[in-house]
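Structure file protein-v2.cif with mmCIF, C-alpha atoms and all ligand atoms:
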```cif
data_query
#
loop_
_atom_site.group_PDB
_atom_site.id
_atom_site.type_symbol
_atom_site.label_atom_id
_atom_site.label_comp_id
_atom_site.auth_asym_id
_atom_site.auth_seq_id
_atom_site.Cartn_x
_atom_site.Cartn_y
_atom_site.Cartn_z
ATOM 1 C CA MET K 1441 -12.828 -8.525 -28.437
ATOM 2 C CA SER K 1442 -10.132 -5.884 -28.936
ATOM 3 C CA THR K 1443 -6.828 -6.529 -30.682
ATOM 4 C CA ILE K 1444 -3.354 -5.160 -29.985
ATOM 5 C CA ASP K 1445 -1.538 -3.915 -33.067
ATOM 6 C CA GLN K 1446 2.174 -4.093 -33.836
ATOM 7 C CA GLN K 1447 2.738 -0.760 -32.110
ATOM 8 C CA GLY K 1448 1.249 -2.113 -28.880
ATOM 9 C CA MET K 1449 -1.965 -0.126 -29.235
ATOM 10 C CA LEU K 1450 -5.339 -1.544 -28.155
ATOM 11 C CA ILE K 1451 -7.684 -1.409 -31.121
ATOM 12 C CA ASP K 1452 -11.363 -1.147 -30.198
ATOM 13 C CA SER K 1453 -14.120 1.439 -30.625
ATOM 14 C CA LYS K 1454 -14.065 1.895 -26.821
ATOM 15 C CA VAL K 1455 -10.447 3.130 -26.821
ATOM 16 C CA GLN K 1456 -9.210 6.516 -28.010
ATOM 17 C CA LEU K 1457 -5.587 6.356 -29.053
ATOM 18 C CA LYS K 1458 -3.648 9.330 -27.745
ATOM 19 C CA ARG K 1459 -0.081 8.159 -27.493
ATOM 20 C CA PHE K 1460 2.598 10.270 -25.803
ATOM 21 C CA GLU K 1461 6.020 8.930 -26.722
ATOM 22 C CA SER K 1462 7.331 11.475 -24.209
ATOM 23 C CA ILE K 1463 6.266 9.179 -21.302
ATOM 24 C CA GLU K 1464 7.684 5.976 -22.832
ATOM 25 C CA HIS K 1465 11.065 4.917 -21.475
ATOM 26 C CA GLY K 1466 12.459 1.870 -23.281
ATOM 27 C CA ASN K 1467 10.798 -1.463 -23.957
ATOM 28 C CA LEU K 1468 8.358 -3.364 -21.757
ATOM 29 C CA SER K 1469 9.263 -6.895 -22.754
ATOM 30 C CA SER K 1470 6.607 -8.732 -20.765
ATOM 31 C CA VAL K 1471 3.448 -7.652 -18.982
ATOM 32 C CA LYS K 1472 2.825 -9.522 -15.749
ATOM 33 C CA ALA K 1473 0.617 -7.137 -13.793
ATOM 34 C CA ILE K 1474 -1.505 -3.986 -13.801
ATOM 35 C CA VAL K 1475 -1.284 -1.082 -11.347
ATOM 36 C CA VAL K 1476 -4.337 1.173 -10.913
ATOM 37 C CA HIS K 1477 -3.801 4.854 -10.086
ATOM 38 C CA GLN K 1478 -5.617 8.164 -9.689
ATOM 39 C CA THR K 1479 -4.128 11.243 -11.323
ATOM 40 C CA ASP K 1480 -4.555 13.915 -8.649
ATOM 41 C CA ALA K 1481 -5.766 16.202 -11.455
ATOM 42 C CA PRO K 1482 -9.295 17.486 -12.165
ATOM 43 C CA THR K 1483 -9.526 16.608 -15.884
ATOM 44 C CA ALA K 1484 -7.925 14.327 -18.478
ATOM 45 C CA GLN K 1485 -6.559 17.437 -20.219
ATOM 46 C CA HIS K 1486 -4.453 18.329 -17.159
ATOM 47 C CA THR K 1487 -2.767 14.933 -17.417
ATOM 48 C CA PHE K 1488 -2.235 15.258 -21.188
ATOM 49 C CA ASN K 1489 -0.575 18.630 -20.585
ATOM 50 C CA SER K 1490 1.796 17.099 -18.065
ATOM 51 C CA TYR K 1491 2.531 14.134 -20.394
ATOM 52 C CA ASN K 1492 3.714 16.580 -23.057
ATOM 53 C CA GLY K 1493 6.545 17.415 -20.681
ATOM 54 C CA GLY K 1494 7.599 13.756 -20.405
ATOM 55 C CA GLY K 1495 8.615 12.002 -17.188
ATOM 56 C CA ASN K 1496 6.064 9.956 -15.261
ATOM 57 C CA GLY K 1497 2.939 8.545 -16.863
ATOM 58 C CA ALA K 1498 0.883 5.409 -17.426
ATOM 59 C CA HIS K 1499 -0.405 3.413 -20.387
ATOM 60 C CA PHE K 1500 -4.101 4.206 -20.053
ATOM 61 C CA LEU K 1501 -6.194 7.078 -18.699
ATOM 62 C CA ILE K 1502 -9.901 6.913 -17.824
ATOM 63 C CA GLY K 1503 -11.664 10.296 -17.966
ATOM 64 C CA LYS K 1504 -14.512 11.508 -15.760
ATOM 65 C CA ASP K 1505 -17.017 10.508 -18.453
ATOM 66 C CA GLY K 1506 -15.575 6.985 -18.655
ATOM 67 C CA THR K 1507 -13.656 7.590 -21.909
ATOM 68 C CA ILE K 1508 -10.647 5.281 -22.139
ATOM 69 C CA TYR K 1509 -7.520 6.841 -23.654
ATOM 70 C CA GLN K 1510 -4.429 4.837 -24.446
ATOM 71 C CA THR K 1511 -1.554 7.191 -23.687
ATOM 72 C CA ALA K 1512 1.433 4.846 -24.181
ATOM 73 C CA SER K 1513 2.190 1.644 -26.053
ATOM 74 C CA THR K 1514 1.780 -1.612 -24.109
ATOM 75 C CA ALA K 1515 5.190 -2.555 -25.544
ATOM 76 C CA LYS K 1516 6.888 0.414 -23.841
ATOM 77 C CA ARG K 1517 7.810 1.005 -20.228
ATOM 78 C CA CYS K 1518 6.275 3.905 -18.320
ATOM 79 C CA TYR K 1519 7.306 5.301 -14.954
ATOM 80 C CA HIS K 1520 4.205 4.848 -12.780
ATOM 81 C CA VAL K 1521 5.097 2.501 -9.915
ATOM 82 C CA GLY K 1522 7.624 4.762 -8.169
ATOM 83 C CA ARG K 1523 11.222 4.229 -7.099
ATOM 84 C CA LEU K 1524 10.751 2.089 -3.997
ATOM 85 C CA ILE K 1525 8.486 -0.955 -3.839
ATOM 86 C CA LYS K 1526 7.087 -2.483 -0.671
ATOM 87 C CA SER K 1527 7.631 -6.077 0.430
ATOM 88 C CA LYS K 1528 4.844 -8.379 -0.743
ATOM 89 C CA CYS K 1529 5.820 -11.232 1.566
ATOM 90 C CA LEU K 1530 5.919 -8.925 4.566
ATOM 91 C CA THR K 1531 2.444 -7.613 3.741
ATOM 92 C CA LEU K 1532 0.716 -10.815 2.668
ATOM 93 C CA ASN K 1533 2.489 -13.777 4.167
ATOM 94 C CA LYS K 1534 5.403 -13.298 6.554
ATOM 95 C CA ASP K 1535 6.197 -17.030 6.349
ATOM 96 C CA ASN K 1536 7.362 -16.502 2.752
ATOM 97 C CA CYS K 1537 9.959 -13.936 3.776
ATOM 98 C CA ASN K 1538 13.606 -14.718 4.274
ATOM 99 C CA SER K 1539 13.328 -14.053 7.996
ATOM 100 C CA VAL K 1540 17.049 -13.652 8.759
ATOM 101 C CA GLU K 1541 17.581 -11.120 5.962
ATOM 102 C CA MET K 1542 14.264 -9.396 6.696
ATOM 103 C CA ALA K 1543 15.038 -9.112 10.431
ATOM 104 C CA LYS K 1544 18.280 -7.302 9.554
ATOM 105 C CA ILE K 1545 16.400 -4.962 7.231
ATOM 106 C CA LEU K 1546 13.661 -4.218 9.750
ATOM 107 C CA ALA K 1547 16.270 -3.276 12.373
ATOM 108 C CA LYS K 1548 17.339 -0.291 10.217
ATOM 109 C CA SER K 1549 15.964 3.247 10.447
ATOM 110 C CA TRP K 1550 12.834 3.917 8.343
ATOM 111 C CA SER K 1551 14.601 5.662 5.462
ATOM 112 C CA SER K 1552 17.331 2.997 5.207
ATOM 113 C CA GLN K 1553 14.720 0.286 5.696
ATOM 114 C CA ILE K 1554 12.529 1.226 2.728
ATOM 115 C CA LYS K 1555 15.588 1.372 0.448
ATOM 116 C CA ALA K 1556 16.850 -1.999 1.733
ATOM 117 C CA ILE K 1557 13.391 -3.568 1.283
ATOM 118 C CA ASP K 1558 13.237 -2.305 -2.293
ATOM 119 C CA ASN K 1559 16.685 -3.683 -3.035
ATOM 120 C CA HIS K 1560 15.849 -7.044 -1.438
ATOM 121 C CA GLU K 1561 12.517 -7.335 -3.270
ATOM 122 C CA ARG K 1562 13.941 -6.498 -6.703
ATOM 123 C CA GLN K 1563 16.126 -9.614 -6.511
ATOM 124 C CA LYS K 1564 12.907 -11.672 -6.654
ATOM 125 C CA SER K 1565 10.761 -12.154 -9.721
ATOM 126 C CA TYR K 1566 7.045 -11.505 -10.055
ATOM 127 C CA PRO K 1567 4.735 -12.765 -8.470
ATOM 128 C CA ASP K 1568 7.024 -13.276 -5.456
ATOM 129 C CA ARG K 1569 7.372 -9.499 -5.308
ATOM 130 C CA TYR K 1570 5.096 -6.601 -6.226
ATOM 131 C CA PRO K 1571 5.135 -5.422 -9.864
ATOM 132 C CA VAL K 1572 7.708 -2.851 -11.048
ATOM 133 C CA ASN K 1573 7.803 -0.517 -14.065
ATOM 134 C CA SER K 1574 9.536 -3.150 -16.173
ATOM 135 C CA ASP K 1575 6.717 -5.698 -15.862
ATOM 136 C CA ALA K 1576 3.520 -3.726 -15.286
ATOM 137 C CA LEU K 1577 0.993 -1.667 -17.214
ATOM 138 C CA GLY K 1578 -0.413 1.409 -15.485
ATOM 139 C CA ILE K 1579 -4.010 2.646 -15.630
ATOM 140 C CA GLU K 1580 -4.697 6.191 -14.416
ATOM 141 C CA ILE K 1581 -8.201 7.272 -13.396
ATOM 142 C CA VAL K 1582 -8.904 11.011 -13.390
ATOM 143 C CA GLY K 1583 -9.505 12.137 -9.804
ATOM 144 C CA LYS K 1584 -8.141 14.687 -7.338
ATOM 145 C CA HIS K 1585 -6.317 13.955 -4.132
ATOM 146 C CA LEU K 1586 -8.498 15.411 -1.346
ATOM 147 C CA ASN K 1587 -6.592 14.873 1.918
ATOM 148 C CA ASP K 1588 -4.239 12.435 3.677
ATOM 149 C CA GLN K 1589 -6.700 9.572 3.430
ATOM 150 C CA GLN K 1590 -8.936 10.312 0.450
ATOM 151 C CA TYR K 1591 -9.072 10.818 -3.276
ATOM 152 C CA GLU K 1592 -12.179 11.815 -5.180
ATOM 153 C CA ALA K 1593 -14.624 8.914 -5.604
ATOM 154 C CA VAL K 1594 -14.155 6.825 -8.728
ATOM 155 C CA ASN K 1595 -17.504 7.300 -10.486
ATOM 156 C CA PRO K 1596 -19.643 4.453 -11.926
ATOM 157 C CA LEU K 1597 -18.752 5.309 -15.565
ATOM 158 C CA GLN K 1598 -15.066 5.136 -14.688
ATOM 159 C CA ASN K 1599 -15.446 1.810 -12.888
ATOM 160 C CA GLU K 1600 -17.428 0.360 -15.791
ATOM 161 C CA SER K 1601 -14.637 1.342 -18.201
ATOM 162 C CA LEU K 1602 -11.974 0.032 -15.827
ATOM 163 C CA LYS K 1603 -13.735 -3.363 -15.648
ATOM 164 C CA TRP K 1604 -13.883 -3.623 -19.444
ATOM 165 C CA LEU K 1605 -10.259 -2.542 -19.906
ATOM 166 C CA VAL K 1606 -8.877 -4.865 -17.246
ATOM 167 C CA ALA K 1607 -10.826 -7.825 -18.715
ATOM 168 C CA GLU K 1608 -9.347 -7.120 -22.171
ATOM 169 C CA LEU K 1609 -5.841 -6.911 -20.698
ATOM 170 C CA TYR K 1610 -6.369 -10.228 -18.834
ATOM 171 C CA CYS K 1611 -7.019 -11.874 -22.223
ATOM 172 C CA HIS K 1612 -4.160 -10.242 -24.096
ATOM 173 C CA PHE K 1613 -1.507 -10.826 -21.442
ATOM 174 C CA GLY K 1614 -2.761 -13.962 -19.646
ATOM 175 C CA LEU K 1615 -3.386 -12.151 -16.360
ATOM 176 C CA SER K 1616 -5.947 -12.697 -13.602
ATOM 177 C CA GLY K 1617 -7.513 -10.644 -10.814
ATOM 178 C CA GLU K 1618 -4.534 -11.415 -8.571
ATOM 179 C CA ASP K 1619 -2.315 -9.424 -10.920
ATOM 180 C CA VAL K 1620 -4.151 -6.107 -10.476
ATOM 181 C CA TYR K 1621 -2.987 -3.782 -7.688
ATOM 182 C CA ARG K 1622 -3.896 -0.388 -6.321
ATOM 183 C CA HIS K 1623 -0.842 1.888 -6.349
ATOM 184 C CA PRO K 1624 -0.599 2.283 -2.532
ATOM 185 C CA GLN K 1625 -0.339 -1.517 -2.150
ATOM 186 C CA VAL K 1626 2.842 -1.553 -4.213
ATOM 187 C CA SER K 1627 4.717 1.576 -3.170
ATOM 188 C CA TYR K 1628 4.601 4.361 -0.594
ATOM 189 C CA LYS K 1629 1.638 6.490 -1.700
ATOM 190 C CA HIS K 1630 -1.366 8.170 -0.105
ATOM 191 C CA PRO K 1631 -3.562 5.261 1.040
ATOM 192 C CA GLY K 1632 -6.672 6.698 -0.629
ATOM 193 C CA GLU K 1633 -5.351 6.482 -4.212
ATOM 194 C CA ALA K 1634 -7.613 4.221 -6.337
ATOM 195 C CA LYS K 1635 -9.462 3.078 -3.208
ATOM 196 C CA GLY K 1636 -12.841 3.435 -4.944
ATOM 197 C CA ALA K 1637 -11.710 1.574 -8.074
ATOM 198 C CA SER K 1638 -13.312 -1.820 -8.717
ATOM 199 C CA TRP K 1639 -12.749 -4.383 -11.428
HETATM 200 ZN ZN ZN K 1701 -0.270 6.323 -8.668
#
```
Let me see the structure of the file written as structure tokens.
Ligand SMILES: [Zn+2]
Amino acid sequence: MSTIDQQGMLIDSKVQLKRFESIEHGNLSSVKAIVVHQTDAPTAQHTFNSYNGGGNGAHFLIGKDGTIYQTASTAKRCYHVGRLIKSKCLTLNKDNCNSVEMAKILAKSWSSQIKAIDNHERQKSYPDRYPVNSDALGIEIVGKHLNDQQYEAVNPLQNESLKWLVAELYCHFGLSGEDVYRHPQVSYKHPGEAKGASW
């Protein structure tokens, strides 16, 4: 099994360490979930180039050949979830929602509604809400966005690496399959992102 060193790096022959401090934004004090993404870029190098400029990024990147790169420390926060999260109770189990508050929110216009939902959800703690940047690791899989519904297929080498990585992270952070999400589940993204990912 892999280990995690004092810098928050996953030590194993399967992982290439390629840390970009430019995409780390403060500390990630506890890891409660994992969000799986696709890069909308054709190669790993395209993503590395963008990481040099800072801003958004995730902790791991899986190349087309299945190579796993660790691009940020698991002890540091990355911006990968997005600004506005969806409502988990509204999606999964309406009975768990505060119906009076939620009815008021749902009466608003779309743009006010998604901001009000985000605000309402962030008052909850995980797992009552979807994960946010301050409690989730991000895994990017190299793959282009094709159209409104589709991203490139996640290939078998990539899925094999994703399975291994997610299993290691379950052990290190005490997570289970219920704690892994595709990006479009959590925030307002193209529905095809990470659709072909399996773990
Ligand atoms: Zn994403």
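Residues in contact with ligand ZN 1701 (chain K) (atom pairs separated by at most 9 Å; only C-alpha atoms and all ligand atoms) are Val1475, Val1476, His1477, Gln1478, Thr1479, Asp1480, Ala1498, His1520, Val1521, Gly1522, Gly1578, Ile1579, Glu1580, Arg1622, His1623, Pro1624, Ser1627, Lys1629, His1630, Glu1633 and Ala1634 of chain K.
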Please produce, as CSV, a per-residue contact table for range 1479-1530 of chain K versus range 1447-1454 of chain K (criterion: any atom at most 6 Å away, only C-alpha atoms considered), showing the nearest atom pair and its distance in Å to one decimal, sorted by chain then residue number.
```
residue,atom,partner,partner_atom,distance
K:Ser1513,CA,K:Gly1448,CA,4.8
K:Thr1514,CA,K:Gly1448,CA,4.8
K:Ala1515,CA,K:Gly1448,CA,5.2
```
**Report entry** Residues matched by the PyMOL selection byres (((chain K and resi 1539-1547) around 12) and not hetatm), written as a list of chain:residue names
**Finding:**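 Here the PyMOL selection byres (((chain K and resi 1539-1547) around 12) and not hetatm) matches K:Ser1527, K:Cys1529, K:Leu1530, K:Asn1533, K:Lys1534, K:Asp1535, K:Asn1536, K:Cys1537, K:Asn1538, K:Lys1548, K:Ser1549, K:Trp1550, K:Ser1551, K:Ser1552, K:Gln1553, K:Ile1554, K:Lys1555, K:Ala1556, K:Ile1557, K:Asp1558, K:Asn1559, K:His1560, K:Glu1561.
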Query raised in the report: Taking all atoms listed in the file into account, which of K:Leu1524, K:Ala1593, K:Ile1581, K:Met1441 comes nearest Arg1562 in chain K?
Result: K:Leu1524
Query raised in the report: What gap, in Å, lies between CA of Ala1484 in chain K and CA of Gln1456 in chain K?
Result: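 Result for CA of Ala1484 in chain K versus CA of Gln1456 in chain K: 12.4 Å, one decimal.
You can rank K:His1499, K:Leu1605, K:Asp1588, K:Ile1474 by their closest distance to Ser1442 in chain K using all atoms listed in the file, and at the top of that list sits K:Leu1605.
Minimum atom-to-atom distances from K:Tyr1610, K:Phe1488, K:Tyr1570, K:Tyr1591 to Ala1637 in chain K were compared using all atoms listed in the file, and the lowest value belongs to K:Tyr1591.
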**Report entry** Separation of CA of Leu1532 in chain K from CA of Gln1598 in chain K, in Å and rounded to one decimal
**Finding:** 28.4 Å
Query raised in the report: Within 8 Å of (-13.1, -2.1, -14.3), all atoms listed in the file: residues as a list of chain:residue names?
Result: K:Gln1598, K:Asn1599, K:Glu1600, K:Ser1601, K:Leu1602, K:Lys1603, K:Trp1604, K:Leu1605, K:Val1606, K:Ala1607, K:Ala1637, K:Ser1638, K:Trp1639
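A straight line drawn from CA of Thr1443 in chain K to CA of Ser1574 in chain K is 22.1 Å long.
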Please enumerate the residues selected by the PyMOL selection byres (((chain K and resi 1506) around 7) and not hetatm) when evaluated against the supplied file, formatted as an mmCIF file with C-alpha atoms, in the coordinates of the input.
```
data_model
loop_
_atom_site.group_PDB
_atom_site.id
_atom_site.type_symbol
_atom_site.label_atom_id
_atom_site.label_comp_id
_atom_site.auth_asym_id
_atom_site.auth_seq_id
_atom_site.Cartn_x
_atom_site.Cartn_y
_atom_site.Cartn_z
ATOM 1 C CA ILE K 1502 -9.901 6.913 -17.824
ATOM 2 C CA GLY K 1503 -11.664 10.296 -17.966
ATOM 3 C CA LYS K 1504 -14.512 11.508 -15.760
ATOM 4 C CA ASP K 1505 -17.017 10.508 -18.453
ATOM 5 C CA THR K 1507 -13.656 7.590 -21.909
ATOM 6 C CA ILE K 1508 -10.647 5.281 -22.139
ATOM 7 C CA LEU K 1597 -18.752 5.309 -15.565
ATOM 8 C CA GLN K 1598 -15.066 5.136 -14.688
ATOM 9 C CA SER K 1601 -14.637 1.342 -18.201
#
```
Return the padded bounding box of range 1567-1582 of chain K as JSON: axis-aligned, built from all atoms listed in the file, 8 Å added on each side, with centre and edge lengths in Å to one decimal.
```
{"center_x": 0.3, "center_y": -1.1, "center_z": -11.3, "size_x": 34.4, "size_y": 40.3, "size_z": 27.9}
```
Query raised in the report: So what does the PyMOL selection byres (((chain K and resi 1517) around 10) and not hetatm) actually pick up in this one, as a list in words?
Result: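 Evaluating the PyMOL selection byres (((chain K and resi 1517) around 10) and not hetatm) on these coordinates yields Ile1463, Glu1464, His1465, Gly1466, Asn1467, Leu1468, Ser1469, Ser1470, Val1471, Gly1497, Ala1498, His1499, Ala1512, Ser1513, Thr1514, Ala1515, Lys1516, Cys1518, Tyr1519, His1520, Val1572, Asn1573, Ser1574, Asp1575, Ala1576, Leu1577 and Gly1578 of chain K.
Nearest to Asp1445 in chain K of all the residues K:Lys1458, K:His1612, K:Lys1635, K:His1585 is K:His1612, based on only C-alpha atoms.
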Query - Surrounding residues of Thr1483 in chain K excluding itself and chain neighbours under 2 positions, 9 Å, all atoms listed in the file, as number ranges by chain - result: K: 1479, 1481, 1485-1487, 1503-1504, 1582-1584
Report task. Using all atoms listed in the file, find the one residue out of K:Ser1616, K:Gly1494, K:Arg1523, K:Val1594 that sits nearest to Gly1632 in chain K. Result ->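 Between K:Ser1616, K:Gly1494, K:Arg1523, K:Val1594, the residue approaching Gly1632 in chain K most closely is K:Val1594.
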